[in-house]
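Everything below belongs to structure-v1.cif, which stores mmCIF, C-alpha atoms (C1' of nucleotides).
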data_coords
loop_
_atom_site.label_atom_id
_atom_site.label_comp_id
_atom_site.auth_asym_id
_atom_site.auth_seq_id
_atom_site.Cartn_x
_atom_site.Cartn_y
_atom_site.Cartn_z
CA MET M 1 -51.01 -59.70 -140.56
CA ALA M 2 -51.82 -58.07 -137.27
CA SER M 3 -48.25 -57.68 -136.16
CA GLU M 4 -49.00 -54.37 -134.59
CA ASN M 5 -46.63 -54.14 -131.68
CA PRO M 6 -43.60 -51.94 -131.90
CA HIS M 7 -42.95 -53.13 -128.38
CA PRO M 8 -43.41 -56.81 -127.86
CA ALA M 9 -46.24 -56.95 -125.40
CA VAL M 10 -45.01 -60.41 -124.50
CA GLU M 11 -44.01 -61.22 -121.01
CA LEU M 12 -41.24 -63.27 -119.63
CA PRO M 13 -42.01 -66.56 -117.93
CA PRO M 14 -43.11 -66.16 -114.29
CA THR M 15 -41.02 -69.20 -113.55
CA LEU M 16 -37.99 -67.04 -114.21
CA LEU M 17 -39.30 -63.82 -112.72
CA ASP M 18 -39.91 -65.59 -109.43
CA LEU M 19 -36.22 -66.20 -109.06
CA SER M 20 -34.26 -63.41 -107.46
CA THR M 21 -31.28 -65.11 -108.99
CA TYR M 22 -32.68 -64.39 -112.39
CA LEU M 23 -33.68 -60.81 -111.70
CA LEU M 24 -30.36 -60.09 -110.07
CA SER M 25 -28.50 -61.50 -113.00
CA ARG M 26 -30.61 -59.72 -115.56
CA VAL M 27 -30.76 -56.34 -113.89
CA GLY M 28 -27.09 -56.58 -113.04
CA LYS M 29 -26.21 -57.37 -116.59
CA ALA M 30 -28.25 -54.45 -117.85
CA ALA M 31 -26.54 -52.11 -115.43
CA ARG M 32 -23.13 -53.42 -116.32
CA GLY M 33 -23.83 -53.29 -120.02
CA ARG M 34 -25.09 -49.74 -119.98
CA PHE M 35 -22.19 -48.49 -117.99
CA SER M 36 -19.71 -50.39 -120.10
CA GLU M 37 -21.07 -48.64 -123.12
CA ARG M 38 -20.38 -45.26 -121.61
CA LEU M 39 -16.90 -46.30 -120.69
CA ALA M 40 -16.33 -47.66 -124.16
CA GLU M 41 -17.12 -44.27 -125.62
CA ARG M 42 -14.03 -43.03 -123.83
CA GLY M 43 -12.00 -46.08 -124.70
CA LEU M 44 -12.18 -47.35 -121.14
CA ARG M 45 -13.26 -50.55 -119.49
CA LEU M 46 -14.62 -51.45 -116.10
CA TRP M 47 -11.23 -52.33 -114.73
CA ASP M 48 -9.93 -48.88 -115.49
CA MET M 49 -12.48 -47.35 -113.22
CA ALA M 50 -11.92 -49.95 -110.54
CA VAL M 51 -8.20 -49.20 -110.51
CA LEU M 52 -8.75 -45.46 -110.39
CA ALA M 53 -11.22 -45.89 -107.55
CA ALA M 54 -8.84 -48.06 -105.56
CA LEU M 55 -6.04 -45.54 -105.98
CA ALA M 56 -8.24 -42.60 -105.10
CA ASP M 57 -9.69 -44.33 -102.06
CA PHE M 58 -6.58 -45.96 -100.66
CA GLY M 59 -3.80 -43.85 -102.03
CA PRO M 60 -0.73 -44.82 -104.04
CA GLN M 61 0.17 -48.47 -103.81
CA ALA M 62 2.13 -51.15 -105.57
CA GLN M 63 0.50 -53.12 -108.33
CA ARG M 64 0.65 -56.22 -106.21
CA ASP M 65 -1.64 -54.51 -103.71
CA LEU M 66 -4.07 -53.62 -106.41
CA VAL M 67 -3.93 -57.17 -107.63
CA ARG M 68 -4.95 -58.46 -104.23
CA ARG M 69 -7.49 -55.81 -103.54
CA LEU M 70 -9.31 -56.05 -106.81
CA ALA M 71 -8.68 -59.73 -107.46
CA ILE M 72 -7.41 -58.95 -110.91
CA ASP M 73 -4.85 -60.95 -112.78
CA PRO M 74 -1.39 -59.38 -112.39
CA SER M 75 -0.81 -59.52 -116.08
CA ASP M 76 -4.11 -57.86 -116.83
CA LEU M 77 -3.45 -55.16 -114.30
CA ALA M 78 -0.15 -54.41 -115.96
CA LYS M 79 -2.03 -53.74 -119.18
CA VAL M 80 -4.65 -51.59 -117.51
CA ALA M 81 -2.00 -49.59 -115.66
CA ASP M 82 -0.11 -49.20 -118.89
CA GLN M 83 -3.08 -47.74 -120.65
CA LEU M 84 -4.00 -45.46 -117.75
CA ALA M 85 -0.44 -44.22 -117.52
CA ALA M 86 -0.23 -43.56 -121.22
CA ALA M 87 -3.37 -41.47 -120.97
CA GLY M 88 -1.97 -39.57 -118.01
CA TYR M 89 -4.49 -40.78 -115.46
CA VAL M 90 -1.96 -42.53 -113.26
CA GLU M 91 1.76 -42.33 -112.65
CA ARG M 92 4.07 -45.21 -112.03
CA ALA M 93 7.27 -45.06 -110.07
CA ARG M 94 9.72 -47.67 -108.89
CA ASP M 95 9.48 -48.23 -105.18
CA GLN M 96 12.86 -47.23 -103.80
CA ALA M 97 12.59 -49.55 -100.84
CA ASP M 98 11.87 -52.53 -103.06
CA ARG M 99 12.82 -51.87 -106.60
CA ARG M 100 10.79 -54.76 -107.89
CA ARG M 101 7.61 -52.94 -107.02
CA VAL M 102 5.98 -50.28 -109.08
CA SER M 103 3.99 -47.82 -107.05
CA VAL M 104 0.98 -46.46 -108.84
CA SER M 105 -0.68 -43.18 -108.00
CA VAL M 106 -3.61 -41.33 -109.49
CA THR M 107 -3.02 -37.96 -111.11
CA ASP M 108 -5.27 -34.93 -111.00
CA ALA M 109 -6.49 -35.86 -114.43
CA GLY M 110 -7.23 -39.32 -113.10
CA ARG M 111 -9.21 -37.91 -110.22
CA ALA M 112 -11.16 -35.70 -112.58
CA LEU M 113 -11.87 -38.66 -114.81
CA LEU M 114 -13.00 -40.75 -111.88
CA ALA M 115 -15.39 -38.03 -110.80
CA GLU M 116 -16.86 -37.95 -114.26
CA LEU M 117 -17.19 -41.69 -114.39
CA GLN M 118 -18.95 -41.66 -111.05
CA ALA M 119 -21.38 -39.13 -112.43
CA GLN M 120 -21.98 -41.35 -115.43
CA ALA M 121 -22.52 -44.31 -113.19
CA ARG M 122 -25.14 -42.37 -111.30
CA VAL M 123 -26.86 -41.51 -114.54
CA VAL M 124 -27.03 -45.17 -115.43
CA GLN M 125 -28.23 -45.89 -111.93
CA ASP M 126 -31.02 -43.38 -112.33
CA GLU M 127 -32.07 -45.05 -115.53
CA VAL M 128 -31.98 -48.54 -114.14
CA LEU M 129 -33.57 -47.73 -110.81
CA ALA M 130 -36.11 -45.37 -112.33
CA PRO M 131 -39.10 -47.26 -110.89
CA LEU M 132 -37.85 -46.79 -107.34
CA ASP M 133 -38.10 -43.70 -105.18
CA ALA M 134 -35.20 -42.43 -103.13
CA GLY M 135 -36.13 -44.38 -100.03
CA GLU M 136 -36.47 -47.63 -101.94
CA ARG M 137 -33.15 -47.10 -103.63
CA GLN M 138 -31.63 -46.66 -100.24
CA VAL M 139 -33.15 -49.94 -99.09
CA LEU M 140 -31.94 -51.70 -102.20
CA GLN M 141 -28.45 -50.32 -101.80
CA GLU M 142 -28.32 -51.46 -98.21
CA LEU M 143 -29.56 -54.94 -99.01
CA LEU M 144 -27.12 -55.33 -101.87
CA LEU M 145 -24.30 -54.15 -99.70
CA ARG M 146 -25.10 -56.74 -97.09
CA VAL M 147 -25.37 -59.44 -99.70
CA HIS M 148 -22.06 -58.42 -101.11
CA HIS M 149 -20.32 -58.36 -97.79
CA GLY M 150 -21.85 -61.61 -96.72
CA ALA M 151 -19.99 -63.47 -99.38
CA GLY M 152 -16.35 -62.69 -99.08
CA GLU M 153 -15.34 -65.84 -100.82
CA TRP M 154 -16.76 -64.84 -104.13
CA ARG M 155 -14.45 -64.91 -107.00
CA GLY M 156 -13.01 -61.90 -108.72
CA GLY M 157 -13.91 -60.22 -111.90
CA LEU M 158 -15.05 -56.71 -111.77
CA MET S 1 -1.60 -69.37 -103.84
CA ALA S 2 -2.43 -65.78 -103.35
CA SER S 3 -5.52 -66.38 -105.36
CA GLU S 4 -7.15 -67.51 -102.16
CA ASN S 5 -7.81 -65.14 -99.37
CA PRO S 6 -9.30 -66.74 -96.32
CA HIS S 7 -10.59 -63.30 -95.65
CA PRO S 8 -10.67 -60.47 -98.05
CA ALA S 9 -8.11 -58.86 -95.78
CA VAL S 10 -8.34 -56.04 -98.25
CA GLU S 11 -11.44 -54.08 -98.94
CA LEU S 12 -12.87 -52.83 -102.15
CA PRO S 13 -12.95 -49.12 -102.84
CA PRO S 14 -15.93 -47.35 -101.21
CA THR S 15 -16.18 -45.33 -104.38
CA LEU S 16 -17.34 -48.50 -106.06
CA LEU S 17 -19.37 -49.92 -103.21
CA ASP S 18 -21.42 -46.75 -103.07
CA LEU S 19 -22.73 -47.42 -106.52
CA SER S 20 -25.78 -49.63 -106.69
CA THR S 21 -24.79 -50.07 -110.28
CA TYR S 22 -21.63 -51.74 -109.18
CA LEU S 23 -23.21 -53.93 -106.52
CA LEU S 24 -25.97 -54.94 -108.84
CA SER S 25 -23.53 -55.87 -111.50
CA ARG S 26 -21.26 -57.74 -109.17
CA VAL S 27 -23.88 -59.62 -107.22
CA GLY S 28 -25.74 -60.35 -110.40
CA LYS S 29 -22.66 -61.74 -112.00
CA ALA S 30 -21.97 -63.93 -109.01
CA ALA S 31 -25.49 -65.29 -109.08
CA ARG S 32 -25.34 -65.88 -112.78
CA GLY S 33 -21.95 -67.50 -112.58
CA ARG S 34 -22.89 -69.87 -109.83
CA PHE S 35 -26.02 -70.96 -111.52
CA SER S 36 -24.31 -71.33 -114.85
CA GLU S 37 -21.86 -73.70 -113.23
CA ARG S 38 -24.67 -75.94 -112.07
CA LEU S 39 -26.22 -75.90 -115.48
CA ALA S 40 -22.90 -76.64 -117.08
CA GLU S 41 -22.61 -79.80 -115.00
CA ARG S 42 -25.63 -81.03 -116.91
CA GLY S 43 -24.41 -79.70 -120.21
CA LEU S 44 -26.98 -76.95 -120.16
CA ARG S 45 -26.89 -73.21 -120.47
CA LEU S 46 -29.06 -70.39 -119.25
CA TRP S 47 -31.03 -70.20 -122.45
CA ASP S 48 -32.05 -73.82 -122.10
CA MET S 49 -33.80 -73.07 -118.86
CA ALA S 50 -35.33 -69.89 -120.21
CA VAL S 51 -36.83 -71.78 -123.12
CA LEU S 52 -38.15 -74.55 -120.91
CA ALA S 53 -39.68 -72.00 -118.57
CA ALA S 54 -41.35 -70.13 -121.40
CA LEU S 55 -42.82 -73.34 -122.76
CA ALA S 56 -43.99 -74.52 -119.36
CA ASP S 57 -45.53 -71.18 -118.48
CA PHE S 58 -47.13 -70.29 -121.77
CA GLY S 59 -47.63 -73.62 -123.46
CA PRO S 60 -46.49 -74.85 -126.87
CA GLN S 61 -45.62 -72.13 -129.30
CA ALA S 62 -43.72 -71.47 -132.46
CA GLN S 63 -40.06 -70.63 -132.30
CA ARG S 64 -40.78 -67.18 -133.61
CA ASP S 65 -42.88 -66.56 -130.51
CA LEU S 66 -40.08 -67.70 -128.27
CA VAL S 67 -37.73 -65.47 -130.18
CA ARG S 68 -39.88 -62.46 -129.44
CA ARG S 69 -40.69 -63.38 -125.91
CA LEU S 70 -37.16 -64.10 -124.83
CA ALA S 71 -35.42 -61.66 -127.13
CA ILE S 72 -33.12 -64.38 -128.32
CA ASP S 73 -31.54 -64.54 -131.72
CA PRO S 74 -33.58 -66.84 -134.00
CA SER S 75 -30.48 -68.67 -135.02
CA ASP S 76 -29.42 -69.24 -131.45
CA LEU S 77 -32.85 -70.44 -130.50
CA ALA S 78 -32.74 -72.97 -133.29
CA LYS S 79 -29.60 -74.39 -131.76
CA VAL S 80 -31.00 -74.42 -128.24
CA ALA S 81 -34.19 -76.07 -129.40
CA ASP S 82 -32.14 -78.58 -131.30
CA GLN S 83 -30.21 -79.56 -128.25
CA LEU S 84 -33.27 -79.70 -126.03
CA ALA S 85 -35.09 -81.84 -128.57
CA ALA S 86 -32.15 -84.20 -128.91
CA ALA S 87 -32.17 -84.67 -125.15
CA GLY S 88 -35.90 -85.28 -125.14
CA TYR S 89 -36.86 -82.22 -123.16
CA VAL S 90 -38.93 -80.66 -125.91
CA GLU S 91 -40.71 -81.82 -129.02
CA ARG S 92 -40.92 -80.02 -132.30
CA ALA S 93 -43.70 -80.30 -134.81
CA ARG S 94 -44.52 -78.45 -137.98
CA ASP S 95 -47.47 -76.15 -137.55
CA GLN S 96 -50.14 -77.47 -139.90
CA ALA S 97 -51.73 -74.08 -140.34
CA ASP S 98 -48.45 -72.50 -141.34
CA ARG S 99 -45.94 -75.06 -142.31
CA ARG S 100 -43.04 -72.65 -142.02
CA ARG S 101 -43.48 -72.58 -138.29
CA VAL S 102 -42.17 -75.15 -135.91
CA SER S 103 -44.24 -75.50 -132.80
CA VAL S 104 -42.24 -76.42 -129.73
CA SER S 105 -43.68 -78.08 -126.66
CA VAL S 106 -42.14 -79.25 -123.44
CA THR S 107 -42.16 -82.96 -122.61
CA ASP S 108 -42.66 -84.56 -119.22
CA ALA S 109 -38.92 -85.00 -119.02
CA GLY S 110 -38.57 -81.33 -119.77
CA ARG S 111 -40.96 -80.41 -117.02
CA ALA S 112 -39.09 -82.62 -114.59
CA LEU S 113 -35.82 -81.05 -115.61
CA LEU S 114 -37.23 -77.57 -115.20
CA ALA S 115 -38.40 -78.40 -111.70
CA GLU S 116 -34.92 -79.59 -110.83
CA LEU S 117 -33.32 -76.51 -112.29
CA GLN S 118 -35.66 -74.35 -110.29
CA ALA S 119 -34.58 -76.17 -107.16
CA GLN S 120 -30.95 -75.59 -108.07
CA ALA S 121 -31.65 -71.94 -108.67
CA ARG S 122 -33.13 -71.69 -105.21
CA VAL S 123 -30.06 -73.30 -103.74
CA VAL S 124 -27.87 -70.71 -105.42
CA GLN S 125 -30.26 -68.06 -104.25
CA ASP S 126 -29.91 -69.24 -100.69
CA GLU S 127 -26.16 -69.04 -100.98
CA VAL S 128 -26.12 -65.62 -102.51
CA LEU S 129 -28.78 -64.10 -100.31
CA ALA S 130 -27.48 -65.80 -97.19
CA PRO S 131 -27.03 -62.52 -95.28
CA LEU S 132 -30.71 -61.66 -95.67
CA ASP S 133 -33.62 -63.06 -93.71
CA ALA S 134 -36.85 -64.16 -95.34
CA GLY S 135 -38.51 -60.79 -95.03
CA GLU S 136 -35.56 -58.95 -96.52
CA ARG S 137 -35.39 -61.37 -99.40
CA GLN S 138 -39.01 -60.66 -100.06
CA VAL S 139 -38.32 -56.93 -100.13
CA LEU S 140 -35.36 -57.44 -102.43
CA GLN S 141 -37.37 -59.61 -104.77
CA GLU S 142 -40.13 -57.04 -104.93
CA LEU S 143 -37.75 -54.18 -105.60
CA LEU S 144 -35.93 -56.10 -108.29
CA LEU S 145 -39.19 -57.04 -109.91
CA ARG S 146 -40.25 -53.43 -110.09
CA VAL S 147 -36.90 -52.40 -111.47
CA HIS S 148 -37.15 -55.09 -114.07
CA HIS S 149 -40.66 -54.19 -115.11
CA GLY S 150 -39.87 -50.52 -115.20
CA ALA S 151 -37.47 -51.02 -118.02
CA GLY S 152 -39.35 -52.85 -120.70
CA GLU S 153 -37.01 -51.76 -123.41
CA TRP S 154 -33.86 -53.32 -122.15
CA ARG S 155 -32.11 -55.25 -124.76
CA GLY S 156 -32.06 -59.00 -124.77
CA GLY S 157 -29.70 -61.48 -123.36
CA LEU S 158 -30.75 -63.69 -120.55
"C1'" DC P 1 -48.54 -67.28 -161.17
"C1'" DC P 2 -44.80 -64.38 -159.71
"C1'" DA P 3 -42.62 -61.53 -156.22
"C1'" DA P 4 -41.84 -60.28 -151.73
"C1'" DT P 5 -42.05 -61.70 -147.00
"C1'" DT P 6 -41.60 -64.68 -143.11
"C1'" DG P 7 -39.90 -68.70 -140.28
"C1'" DA P 8 -36.23 -71.76 -139.43
"C1'" DT P 9 -31.57 -73.23 -139.78
"C1'" DG P 10 -26.51 -73.71 -140.31
"C1'" DG P 11 -22.22 -71.60 -140.42
"C1'" DG P 12 -19.18 -68.69 -139.03
"C1'" DC P 13 -17.22 -64.11 -137.26
"C1'" DT P 14 -16.39 -61.24 -133.38
"C1'" DG P 15 -15.21 -58.85 -128.82
"C1'" DG P 16 -14.63 -59.31 -124.25
"C1'" DC P 17 -12.87 -61.58 -120.47
"C1'" DA P 18 -10.38 -64.67 -117.61
"C1'" DC P 19 -6.51 -67.39 -117.39
"C1'" DC P 20 -1.78 -69.11 -118.03
"C1'" DC P 21 3.18 -69.23 -119.25
"C1'" DA P 22 7.72 -67.54 -120.03
"C1'" DC P 23 10.95 -64.12 -118.96
"C1'" DT P 24 13.40 -60.30 -116.47
"C1'" DA P 25 14.69 -57.91 -112.46
"C1'" DT P 26 15.08 -57.54 -107.70
"C1'" DA P 27 15.17 -59.11 -102.86
"C1'" DG P 28 16.48 -61.88 -99.08
"C1'" DG P 29 17.83 -65.96 -96.56
"C1'" DG P 30 21.13 -69.67 -95.95
"C1'" DC Y 1 27.56 -65.84 -103.13
"C1'" DC Y 2 23.87 -69.00 -104.68
"C1'" DC Y 3 19.05 -70.19 -104.66
"C1'" DT Y 4 14.50 -69.36 -104.09
"C1'" DA Y 5 10.69 -66.34 -104.00
"C1'" DT Y 6 8.42 -62.21 -105.45
"C1'" DA Y 7 6.96 -58.19 -108.70
"C1'" DG Y 8 6.02 -56.82 -113.03
"C1'" DT Y 9 5.50 -57.48 -118.07
"C1'" DG Y 10 4.47 -59.31 -122.71
"C1'" DG Y 11 2.43 -62.67 -125.31
"C1'" DG Y 12 -0.78 -65.80 -126.17
"C1'" DT Y 13 -4.93 -69.11 -125.46
"C1'" DG Y 14 -9.65 -70.66 -124.80
"C1'" DC Y 15 -14.32 -69.82 -123.87
"C1'" DC Y 16 -18.71 -67.87 -124.50
"C1'" DA Y 17 -22.34 -64.89 -125.81
"C1'" DG Y 18 -24.24 -62.11 -129.20
"C1'" DC Y 19 -24.66 -61.30 -133.92
"C1'" DC Y 20 -24.89 -61.45 -139.01
"C1'" DC Y 21 -25.33 -63.75 -143.48
"C1'" DA Y 22 -26.81 -67.10 -146.82
"C1'" DT Y 23 -30.04 -70.48 -147.68
"C1'" DC Y 24 -34.33 -73.05 -148.01
"C1'" DA Y 25 -39.19 -73.73 -147.48
"C1'" DA Y 26 -43.64 -71.96 -147.07
"C1'" DT Y 27 -46.95 -68.19 -147.21
"C1'" DT Y 28 -49.17 -64.16 -148.82
"C1'" DG Y 29 -50.41 -60.39 -151.75
"C1'" DG Y 30 -50.80 -58.44 -156.14
#
Take the structure in the file and write it out as structure tokens.
Amino acid sequence: MASENPHPAVELPPTLLDLSTYLLSRVGKAARGRFSERLAERGLRLWDMAVLAALADFGPQAQRDLVRRLAIDPSDLAKVADQLAAAGYVERARDQADRRRVSVSVTDAGRALLAELQAQARVVQDEVLAPLDAGERQVLQELLLRVHHGAGEWRGGL
Amino acid sequence: MASENPHPAVELPPTLLDLSTYLLSRVGKAARGRFSERLAERGLRLWDMAVLAALADFGPQAQRDLVRRLAIDPSDLAKVADQLAAAGYVERARDQADRRRVSVSVTDAGRALLAELQAQARVVQDEVLAPLDAGERQVLQELLLRVHHGAGEWRGGL
DNA sequence: CCAATTGATGGGCTGGCACCCACTATAGGG
DNA sequence: CCCTATAGTGGGTGCCAGCCCATCAATTGG
């Protein structure tokens, strides 16, 4: 048999490739998947990074604020916060003004971790966006940002 | 209740929004999710459309070819093909040259369905890409296409 | 003609993710 | 004081996509 190709030289249907929807979904999934892998190596998930980022960017805040900001399920956040706290990346403290609330803050270790994760994300980005030069990446970033902003009513998920 | 924000009165962390990886993943997921919903209304999934598209674009072919082209698990394809055949969108016939193979071809009904699905995909696309004008969408499409092509070795999954 | 390979299929396992409920503790208004 | 609402937590459920295995039929090579 002439099954010679280590790489399948077969192409995807143009009918699909014509759809930005499809490309967006596929490229997005690839990006997500690759980054998730890296996180998994450290026993982390996407939400962990999202929480760290929110805390680093906006400072200590109650879980309810994180819930609203990140559109995460309160119960799920509790689990994420639990894990992050156990690993020493965040600290939790009862809010003295309202003792129902638990204020979460990022530790130095958490900040260090976040920085590393950002670096990893950029590595993945370099892999995924390899075909584009710096200027094109800039354009892409700007377009994606506008798309993202334009649709505030999108549902959660990381 | 709180699950609905008229406005995202709260913003996402810039640390995340700076990452094309993140935007790609998020926008991609939104696009995928929205389109999946439409497909689900018809009892279809993404693979169904992918298979129809491959058949329409490249003509009748054995399942093994679809497996390679779409990087789908053979077993899963069997199920998809089964469902599509039951609904009359494709026809299956034993290849006379090699009776192990099952040649799949799209029916007129299948072509009609595909056309409708494409229309639906464009509707979703219009929703998702609403903030961009025609020219910008063109740029985005072109960039995404290059990104997609640049990474031939990405692993499967539609 | 036998052995190894390939194509197709059915079944079933798995991990991740979103979602939901019950329960406790606290707060705040009548 | 009650009564209701809110914040956090633990536990559990359901869905879906990807994957692997066993099996059967057909082909191919020795």
Using all atoms listed in the file, what table do you get, as JSON lines, when you list each residue of chain S with an atom no more than 12 Å from chain P, its nearest pair of atoms, and their distance in Å rounded to one decimal, rows by chain then rising number?
{"residue": "S:Ala62", "atom": "CA", "partner": "P:DG7", "partner_atom": "C1'", "distance": 9.1}
{"residue": "S:Gln63", "atom": "CA", "partner": "P:DA8", "partner_atom": "C1'", "distance": 8.2}
{"residue": "S:Arg64", "atom": "CA", "partner": "P:DG7", "partner_atom": "C1'", "distance": 6.9}
{"residue": "S:Asp65", "atom": "CA", "partner": "P:DG7", "partner_atom": "C1'", "distance": 10.4}
{"residue": "S:Val67", "atom": "CA", "partner": "P:DG7", "partner_atom": "C1'", "distance": 10.8}
{"residue": "S:Asp73", "atom": "CA", "partner": "P:DA8", "partner_atom": "C1'", "distance": 11.6}
{"residue": "S:Pro74", "atom": "CA", "partner": "P:DA8", "partner_atom": "C1'", "distance": 7.8}
{"residue": "S:Ser75", "atom": "CA", "partner": "P:DT9", "partner_atom": "C1'", "distance": 6.7}
{"residue": "S:Asp76", "atom": "CA", "partner": "P:DT9", "partner_atom": "C1'", "distance": 9.5}
{"residue": "S:Leu77", "atom": "CA", "partner": "P:DA8", "partner_atom": "C1'", "distance": 9.6}
{"residue": "S:Ala78", "atom": "CA", "partner": "P:DT9", "partner_atom": "C1'", "distance": 6.6}
{"residue": "S:Lys79", "atom": "CA", "partner": "P:DT9", "partner_atom": "C1'", "distance": 8.3}
{"residue": "S:Val80", "atom": "CA", "partner": "P:DT9", "partner_atom": "C1'", "distance": 11.6}
{"residue": "S:Ala81", "atom": "CA", "partner": "P:DT9", "partner_atom": "C1'", "distance": 11.1}
{"residue": "S:Asp82", "atom": "CA", "partner": "P:DT9", "partner_atom": "C1'", "distance": 10.0}
{"residue": "S:Arg92", "atom": "CA", "partner": "P:DA8", "partner_atom": "C1'", "distance": 11.9}
{"residue": "S:Arg94", "atom": "CA", "partner": "P:DA8", "partner_atom": "C1'", "distance": 10.8}
{"residue": "S:Asp95", "atom": "CA", "partner": "P:DG7", "partner_atom": "C1'", "distance": 11.0}
{"residue": "S:Asp98", "atom": "CA", "partner": "P:DG7", "partner_atom": "C1'", "distance": 9.4}
{"residue": "S:Arg99", "atom": "CA", "partner": "P:DG7", "partner_atom": "C1'", "distance": 9.0}
{"residue": "S:Arg100", "atom": "CA", "partner": "P:DG7", "partner_atom": "C1'", "distance": 5.3}
{"residue": "S:Arg101", "atom": "CA", "partner": "P:DG7", "partner_atom": "C1'", "distance": 5.6}
{"residue": "S:Val102", "atom": "CA", "partner": "P:DA8", "partner_atom": "C1'", "distance": 7.7}
{"residue": "S:Ser103", "atom": "CA", "partner": "P:DG7", "partner_atom": "C1'", "distance": 11.0}
Mind dumping the selected residues with C-alpha atoms as a PDB file, keeping the file's coordinate frame?
ATOM      1  CA  ALA S  62     -43.720 -71.470-132.460  1.00  0.00           C
ATOM      2  CA  GLN S  63     -40.060 -70.630-132.300  1.00  0.00           C
ATOM      3  CA  ARG S  64     -40.780 -67.180-133.610  1.00  0.00           C
ATOM      4  CA  ASP S  65     -42.880 -66.560-130.510  1.00  0.00           C
ATOM      5  CA  VAL S  67     -37.730 -65.470-130.180  1.00  0.00           C
ATOM      6  CA  ASP S  73     -31.540 -64.540-131.720  1.00  0.00           C
ATOM      7  CA  PRO S  74     -33.580 -66.840-134.000  1.00  0.00           C
ATOM      8  CA  SER S  75     -30.480 -68.670-135.020  1.00  0.00           C
ATOM      9  CA  ASP S  76     -29.420 -69.240-131.450  1.00  0.00           C
ATOM     10  CA  LEU S  77     -32.850 -70.440-130.500  1.00  0.00           C
ATOM     11  CA  ALA S  78     -32.740 -72.970-133.290  1.00  0.00           C
ATOM     12  CA  LYS S  79     -29.600 -74.390-131.760  1.00  0.00           C
ATOM     13  CA  VAL S  80     -31.000 -74.420-128.240  1.00  0.00           C
ATOM     14  CA  ALA S  81     -34.190 -76.070-129.400  1.00  0.00           C
ATOM     15  CA  ASP S  82     -32.140 -78.580-131.300  1.00  0.00           C
ATOM     16  CA  ARG S  92     -40.920 -80.020-132.300  1.00  0.00           C
ATOM     17  CA  ARG S  94     -44.520 -78.450-137.980  1.00  0.00           C
ATOM     18  CA  ASP S  95     -47.470 -76.150-137.550  1.00  0.00           C
ATOM     19  CA  ASP S  98     -48.450 -72.500-141.340  1.00  0.00           C
ATOM     20  CA  ARG S  99     -45.940 -75.060-142.310  1.00  0.00           C
ATOM     21  CA  ARG S 100     -43.040 -72.650-142.020  1.00  0.00           C
ATOM     22  CA  ARG S 101     -43.480 -72.580-138.290  1.00  0.00           C
ATOM     23  CA  VAL S 102     -42.170 -75.150-135.910  1.00  0.00           C
ATOM     24  CA  SER S 103     -44.240 -75.500-132.800  1.00  0.00           C
TER      25      SER S 103
END
Matching each Cα of chain M to the same-order Cα of chain S and superposing by least squares, what RMSD do you find?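 Computed on C-alpha atoms only, the RMSD stands at 2.1 Å.
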Care to translate the PyMOL selection byres ((chain M) within 6 of (chain S)) into actual residues of this file, as a list in words? Val10, Pro13, Thr15, Ser20, Thr21, Leu24, Ser25, Gly28, Lys29, Ala31, Arg32, Ala53, Ala54, Asp57, Arg69, Gln125, Leu129, Pro131, Gln141, Val147 and Gly150 of chain M
I need the output of the PyMOL selection byres ((chain Y) within 9 of (chain S)) for this file as a VMD selection string; which residues are they? chain Y and resid 17 to 19 25 to 27
Kindly give the distance, in Å, that separates atom CA of S:Glu91 and atom CA of S:Ser105, rounded to a single decimal.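 A separation of 5.3 Å between them.
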Between atom CA of M:Gly88 and atom C1' of Y:DG8, what is the distance, to one decimal in Å?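 That distance, rounded to one decimal, is 19.7 Å.
Going from atom C1' of Y:DT6 over to atom CA of M:Arg45, you cover 28.3 Å.
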Enclose the full set of atoms of stretch 1-10 of chain P listed in the file within a box whose edges lie along x, y and z, apply 8 Å of padding to each of the six sides, and report centre and edge lengths in Å to one decimal as lines of an AutoDock Vina configuration file.
center_x = -37.5
center_y = -67.0
center_z = -150.3
size_x = 38.0
size_y = 29.4
size_z = 37.7
Incomplete stretch 39-45 of chain M brought to N, CA and C atoms, written out as a compact mmCIF listing (two decimals), in the frame of the given file:
# COMPACT_ATOMS: atom_id res chain seq x y z
N LEU M 39 -18.35 -46.22 -120.82
CA LEU M 39 -16.90 -46.30 -120.69
C LEU M 39 -16.26 -46.50 -122.06
N ALA M 40 -16.89 -47.35 -122.85
CA ALA M 40 -16.33 -47.66 -124.16
C ALA M 40 -16.22 -46.42 -125.02
N GLU M 41 -17.17 -45.51 -124.84
CA GLU M 41 -17.12 -44.27 -125.62
C GLU M 41 -15.83 -43.50 -125.35
N ARG M 42 -15.28 -43.72 -124.18
CA ARG M 42 -14.03 -43.03 -123.83
C ARG M 42 -12.84 -43.96 -123.99
N GLY M 43 -13.10 -45.13 -124.54
CA GLY M 43 -12.00 -46.08 -124.70
C GLY M 43 -11.59 -46.73 -123.39
N LEU M 44 -12.51 -46.77 -122.45
CA LEU M 44 -12.18 -47.35 -121.14
C LEU M 44 -12.97 -48.61 -120.89
N ARG M 45 -12.51 -49.36 -119.91
CA ARG M 45 -13.26 -50.55 -119.49
C ARG M 45 -13.47 -50.51 -118.00
